[in-house]
Amino acid sequence: MKQILNELRQQPLVSLISIVGTALSIFLIMLVVMLQQVKVADFAPESNRSRMLHWKFASIRHTSWGEDASSNGPMSSSTIKALFGDLESAEAVTAYKSFCDVSSAALPGETPIAVKMKATDANFFRVFDLDFIAGEPFSQASFESSLPEIVISESVARSVFKTTDVVGREMLLDLVPFKVTGVVKDVSRLADKAYAEVWVPYTTAGVDRNNWNNGHMGLLSATILARHKNDFPEIRHELDRRLAQINTTMKAADGFEFISHERPYDQETDVATLYANLNPDMAKVRRSSLIVYAILLIVPAINLSSMTRSRMRRRIAEIGVRRAFGATVSRITLTLIYENLIVTLVAGAVGLLLCVVFSWLCGSYLFSVSDSRISAEMILQWSTFGLAMMFCFILNLLCSALPAWKSARTGIVESLSGTR
Amino acid sequence: MLNEWRSNVWIVIEFIIVSVVLWYISDYLFATYSMANRPKGFDSEHCYLLTLHDLTSQSPKFIENRTIEQKAEDLREIMERLRRRPEIEAVSLSINSYPYNGSDSEISFGYDSIRNSGLHRVATADFVKVFRYEGINGETPEQLAKELEEGKILLSDNFFTYSNAKALRVSEIGPDRIYLDNDTSFIQTGTPLKPVRYDDFHKWSVFALFSRETESPQAMLWMSELCIRVRPDMDKDIIQTLMKEAQTQFHVGNFVLNDVESFDSIRQQYHQGDYDRRRNYLVGMGFMMLNIFLGLLGTFWFRTQQRVQEVALRKVNGATDRSVSGRLVSEGLILLAAATPIAVCIDAILAKYEFNEWLDGYLVWSHLAVNAAITFVLMALMVVAGILFPAWRAMKIQPAEALKDE
């Protein structure tokens, strides 16, 4: 360790550039990692993303439309019931309106405010863990009897009632009196499936008024919560069987047929799939992120390797002495790589720290969301540290392996005479 | 310079990679900025989108058994109340039509044997006043609105020429020649419009606007977009002003005003993905440039250290400070010049295989040249900045001091 510090001190500028360069590249790579991570990491109220499977849109075709034509979008409540009702292999399934509506919320006689409303079923609160600060979700019974009950966020409670102690009170949502059953902590827009400002039973929101394609398609999406990630194949199998059954009945009745397009999707596939009418191409998505990572690693690695080389050239005499005393080339190479690794790790830690501080302070800018509710669990996952370590190792190998091996291989006489 | 060939090769490799990445980013930014600065054909400033809610039977305010005619009358009344306000200039109803709504709904027209399809927009006549569309000869939105009221269809002048350079412009086609695809009868078109773009970053600007039969009760209820234009001098707190009266003035029949959103915010949300991409690319560009700077700073710092004696000898033989530093800087620039042709070849290959951004085509030589030049200048700046500090150190070498060991 002392030796490393001494060596760094001998060439302050080159050392500084090495450290700054390493920290900078780890900083940027980790920013890219975090941009991806907030889309897939588990954090409240989507703490179980890793156990979730999504069926956001369905694809349907009709015998009269031709081979390639399909219609894609959310499903009707009857399709949801047929496909996901009492799914045995899953812990729970929730159905909710695909998009938030803008509703007006107010007390009678007061100026309304516009709020983002999500129409859901009662299971929604089992699948997504919204943090209740008062009260509880509306019940399955209320959902089934279309009772106007509502869960509201803390900020909506404050804007409408001026307090959060409002369970049991009434407010107007789109001029319909709703009873507040629960108040939850505000939800970040980064949890885009759970996000809304108020949640109501979809049986009160008239979702079936807007069905299409003979009532097979509508306004609803579904999310399945598996008991364990390993149950995904079983759930897929059960859903495939159900879909086949539905298709047989539907085709005979009115000529419609669902196309699965490999649904349901896990969280990673769901966020990467932009077009509902195509199969997801995860290989392509991974390839493009690999290219980005490769560029972000290779360019600084070339720089750093020339720094490393220059640092090592200074030590050529020392290497000569070591070899004269019997050290092997591989041993010296490993020592040099190891010494460099320590520098890389220290610089990498600085980079990661900078990255975390930056995303904490500038989260709303980085993730382009208007709220600033960036919690630690969104940006700090064990995988973050793991990935940062991995990138440090790769960067270190890229920038030190070749120079270290070359320096170690230099002939003893040449090293000691300083002719190289 | 030849003595340092090993590290020079690495620098050249780095230059090539960075140059290609910078070119890719520069090409993207060049394409998007030039597209954003081209005329859009509409003006959404001072415009707002109003959302009306249709009350459900659960509301105590719900009026039972409202007929379609009555509902349309309610909607007309709300529009009339908006129109009467001094701050509001125009009010329109439309479906899938306002700018930045993301609808790709298309319609095909033809003349003779030429056919093409374009964006299909359906709105009441005042829609052109809200978003200030213009005729190719500067015809005002008011004149265009009159034509729409007469049942004419407004086509952008480039409707047939956009994807077929040999076709005629709408202004060159005489009357009674344009027909709706799959229909034999000719349609009446009004003044050709200046091309109306799909959004800020797309070039697609083939556009058809219908106003026929939008006054019928069924059609009015079908159109869900209520847009307004506010007089620029009175565009202050309009959202709050309207929302204050949402449940009084703007509650007619079962319709009630739910939300007012500015088009600035609609545009912002619609283009958020593009803005994010632009930001990420700019950061990437900065990172690459910083890398070159740091890389050269480090490498040349080390080189000047190694070549102290050489520099000293040159100085003894009459080299000036300027020529010493000039020599180092030109070393960097020569390396850059060596890397650039290879990088440009890679750029051209990428453009040929359409990996870059589309702006009047993928591989447009003038664009390639402009972006390669921008890339070269940016990199040259970094090369000079990175080498200047080591060069300055080289200038300060005292020959006597450096050569004392010899």
# chains A, B, ... in the order shown; residues from 1 in each chain; ligands from 1
call {"tool": "residues_around", "arguments": {"residues": "Asp183 of chain B", "least_positions_apart": "2", "cutoff": "12 Å", "atoms": "only C-alpha atoms", "output": "JSON, numbers by chain"}}
result
{"B": [108, 109, 110, 111, 178, 179, 180, 181, 185, 186, 187]}
call {"tool": "closest_atom_pairs", "arguments": {"of": "chain A", "to": "chain B", "cutoff": "8 Å", "atoms": "only C-alpha atoms", "output": "JSON lines"}}
result
{"residue": "A:Leu13", "atom": "CA", "partner": "B:Gly298", "partner_atom": "CA", "distance": 7.4}
{"residue": "A:Val14", "atom": "CA", "partner": "B:Gly298", "partner_atom": "CA", "distance": 5.5}
{"residue": "A:Ile17", "atom": "CA", "partner": "B:Leu294", "partner_atom": "CA", "distance": 6.4}
{"residue": "A:Gly21", "atom": "CA", "partner": "B:Asn291", "partner_atom": "CA", "distance": 7.2}
{"residue": "A:Val102", "atom": "CA", "partner": "B:Asp259", "partner_atom": "CA", "distance": 7.0}
{"residue": "A:Ser103", "atom": "CA", "partner": "B:Asn258", "partner_atom": "CA", "distance": 6.0}
{"residue": "A:Ser104", "atom": "CA", "partner": "B:Asn258", "partner_atom": "CA", "distance": 5.2}
{"residue": "A:Thr111", "atom": "CA", "partner": "B:Lys244", "partner_atom": "CA", "distance": 5.4}
{"residue": "A:Pro112", "atom": "CA", "partner": "B:Met243", "partner_atom": "CA", "distance": 7.1}
{"residue": "A:Ile113", "atom": "CA", "partner": "B:Met243", "partner_atom": "CA", "distance": 7.9}
{"residue": "A:Ala114", "atom": "CA", "partner": "B:Asp259", "partner_atom": "CA", "distance": 5.8}
{"residue": "A:Asp174", "atom": "CA", "partner": "B:Leu55", "partner_atom": "CA", "distance": 7.0}
{"residue": "A:Leu175", "atom": "CA", "partner": "B:Ser59", "partner_atom": "CA", "distance": 5.8}
{"residue": "A:Val176", "atom": "CA", "partner": "B:Ser59", "partner_atom": "CA", "distance": 4.2}
{"residue": "A:Pro177", "atom": "CA", "partner": "B:Ser59", "partner_atom": "CA", "distance": 6.9}
{"residue": "A:Val299", "atom": "CA", "partner": "B:Glu14", "partner_atom": "CA", "distance": 6.2}
{"residue": "A:Pro300", "atom": "CA", "partner": "B:Asn291", "partner_atom": "CA", "distance": 6.2}
{"residue": "A:Ile302", "atom": "CA", "partner": "B:Glu14", "partner_atom": "CA", "distance": 6.5}
{"residue": "A:Asn303", "atom": "CA", "partner": "B:Gly295", "partner_atom": "CA", "distance": 4.7}
{"residue": "A:Leu304", "atom": "CA", "partner": "B:Gly295", "partner_atom": "CA", "distance": 7.3}
{"residue": "A:Ser306", "atom": "CA", "partner": "B:Thr299", "partner_atom": "CA", "distance": 6.5}
{"residue": "A:Met307", "atom": "CA", "partner": "B:Gly298", "partner_atom": "CA", "distance": 6.3}
{"residue": "A:Ser310", "atom": "CA", "partner": "B:Phe302", "partner_atom": "CA", "distance": 6.6}
{"residue": "A:Ser368", "atom": "CA", "partner": "B:Asp276", "partner_atom": "CA", "distance": 7.3}
call {"tool": "select_by_dssp", "arguments": {"residues": "segment 137-317 of chain A", "states": "strand (DSSP E)", "output": "NGL selection string"}}
result
:A and (149-153 or 170-173 or 176-184 or 198-201 or 220-226 or 256-259 or 265-266)
call {"tool": "closest_residue", "arguments": {"among": "A:Ser375, A:Thr410, A:Thr328, A:Ser289", "to": "Val33 of chain A", "atoms": "only C-alpha atoms"}}
result
A:Ser289
call {"tool": "closest_residue", "arguments": {"among": "A:Phe138, A:Tyr195, A:Tyr338, A:Tyr275", "to": "Lys97 of chain A", "atoms": "only C-alpha atoms"}}
result
A:Tyr195
call {"tool": "residues_around", "arguments": {"residues": "segment 124-127 of chain B", "least_positions_apart": "3", "cutoff": "6 Å", "atoms": "only C-alpha atoms", "output": "ChimeraX atom specification"}}
result
/B:92-93,130,145,148-149,211,214
call {"tool": "write_last_selection", "arguments": {"atoms": "C-alpha atoms", "output": "PDB file, in the first residue's frame"}}
result
ATOM      1  CA  SER B  92     -62.084  24.571 -31.722  1.00  0.00           C
ATOM      2  CA  LEU B  93     -63.176  20.966 -31.394  1.00  0.00           C
ATOM      3  CA  VAL B 130     -56.293  28.210 -32.950  1.00  0.00           C
ATOM      4  CA  ALA B 145     -61.490  28.887 -41.834  1.00  0.00           C
ATOM      5  CA  LEU B 148     -63.397  24.924 -44.302  1.00  0.00           C
ATOM      6  CA  GLU B 149     -66.855  26.213 -43.462  1.00  0.00           C
ATOM      7  CA  SER B 211     -64.177  20.136 -41.430  1.00  0.00           C
ATOM      8  CA  THR B 214     -68.323  18.482 -37.926  1.00  0.00           C
TER       9      THR B 214
END
call {"tool": "residues_around", "arguments": {"residues": "Ala394 of chain B", "least_positions_apart": "4", "cutoff": "12 Å", "atoms": "only C-alpha atoms", "output": "PyMOL selection string"}}
result
chain B and resi 300-315+319-329+387-390+398-399+402
call {"tool": "atom_distance", "arguments": {"atom1": "atom CA of Trp405 of chain A", "atom2": "atom CA of Glu7 of chain A"}}
result
18.3 Å
call {"tool": "atom_distance", "arguments": {"atom1": "atom CA of Val377 of chain B", "atom2": "atom CA of Tyr33 of chain B"}}
result
18.9 Å
call {"tool": "atom_distance", "arguments": {"atom1": "atom CA of Pro45 of chain A", "atom2": "atom CA of Glu377 of chain A"}}
result
11.1 Å
call {"tool": "select_by_dssp", "arguments": {"residues": "segment 73-145 of chain B", "states": "helix (DSSP H, G or I)", "output": "list in words"}}
result
Glu73, Asp74, Leu75, Arg76, Glu77, Ile78, Met79, Glu80, Arg81, Leu82, Arg83, Arg84, Phe127, Val128, Lys129, Val130, Pro141, Glu142, Gln143, Leu144 and Ala145 of chain B
call {"tool": "residues_around", "arguments": {"residues": "Val344 of chain B", "least_positions_apart": "6", "cutoff": "9 Å", "atoms": "only C-alpha atoms", "output": "MDAnalysis selection string"}}
result
chainID B and resid 16 19:20 23 368:369 372
call {"tool": "write_last_selection", "arguments": {"atoms": "N, CA and C atoms", "output": "mmCIF file, in the first residue's frame"}}
result
data_model
loop_
_atom_site.group_PDB
_atom_site.id
_atom_site.type_symbol
_atom_site.label_atom_id
_atom_site.label_comp_id
_atom_site.auth_asym_id
_atom_site.auth_seq_id
_atom_site.Cartn_x
_atom_site.Cartn_y
_atom_site.Cartn_z
ATOM 1 N N ILE B 16 -9.726 7.599 -33.505
ATOM 2 C CA ILE B 16 -10.697 7.038 -34.463
ATOM 3 C C ILE B 16 -12.009 6.719 -33.746
ATOM 4 N N SER B 19 -13.676 9.880 -32.621
ATOM 5 C CA SER B 19 -14.149 10.656 -33.758
ATOM 6 C C SER B 19 -15.458 10.073 -34.304
ATOM 7 N N VAL B 20 -15.537 8.741 -34.377
ATOM 8 C CA VAL B 20 -16.764 8.127 -34.885
ATOM 9 C C VAL B 20 -17.931 8.401 -33.930
ATOM 10 N N TRP B 23 -18.883 11.988 -34.220
ATOM 11 C CA TRP B 23 -19.597 12.229 -35.474
ATOM 12 C C TRP B 23 -21.050 11.763 -35.356
ATOM 13 N N LEU B 368 -22.523 14.870 -44.120
ATOM 14 C CA LEU B 368 -21.392 14.092 -43.630
ATOM 15 C C LEU B 368 -20.175 15.005 -43.484
ATOM 16 N N ALA B 369 -19.969 15.872 -44.513
ATOM 17 C CA ALA B 369 -18.815 16.769 -44.480
ATOM 18 C C ALA B 369 -18.936 17.749 -43.321
ATOM 19 N N ALA B 372 -18.391 15.863 -40.078
ATOM 20 C CA ALA B 372 -16.996 15.448 -39.928
ATOM 21 C C ALA B 372 -16.145 16.663 -39.576
#
call {"tool": "closest_residue", "arguments": {"among": "A:Ile26, A:Leu274, A:Arg322, A:Gly73", "to": "Asn211 of chain A", "atoms": "only C-alpha atoms"}}
result
A:Gly73
call {"tool": "residues_around", "arguments": {"residues": "Asn48 of chain A", "least_positions_apart": "6", "cutoff": "9 Å", "atoms": "only C-alpha atoms", "output": "ChimeraX atom specification"}}
result
/A:41-42,127-129,225
call {"tool": "residues_around", "arguments": {"residues": "Thr333 of chain A", "least_positions_apart": "3", "cutoff": "8 Å", "atoms": "only C-alpha atoms", "output": "PDB file with C-alpha atoms, in the first residue's frame"}}
result
ATOM      1  CA  VAL A 329       7.165 -12.537 -15.430  1.00  0.00           C
ATOM      2  CA  SER A 330       3.664 -13.702 -14.469  1.00  0.00           C
ATOM      3  CA  LEU A 336       1.469  -4.726 -11.209  1.00  0.00           C
ATOM      4  CA  ILE A 337      -2.152  -5.453 -12.188  1.00  0.00           C
ATOM      5  CA  ALA A 401      -2.775  -5.922 -18.360  1.00  0.00           C
ATOM      6  CA  ALA A 404       2.132  -4.640 -16.993  1.00  0.00           C
ATOM      7  CA  TRP A 405       2.953  -7.672 -19.067  1.00  0.00           C
ATOM      8  CA  SER A 407       7.073  -4.035 -18.508  1.00  0.00           C
ATOM      9  CA  ALA A 408       7.484  -7.343 -16.731  1.00  0.00           C
TER      10      ALA A 408
END
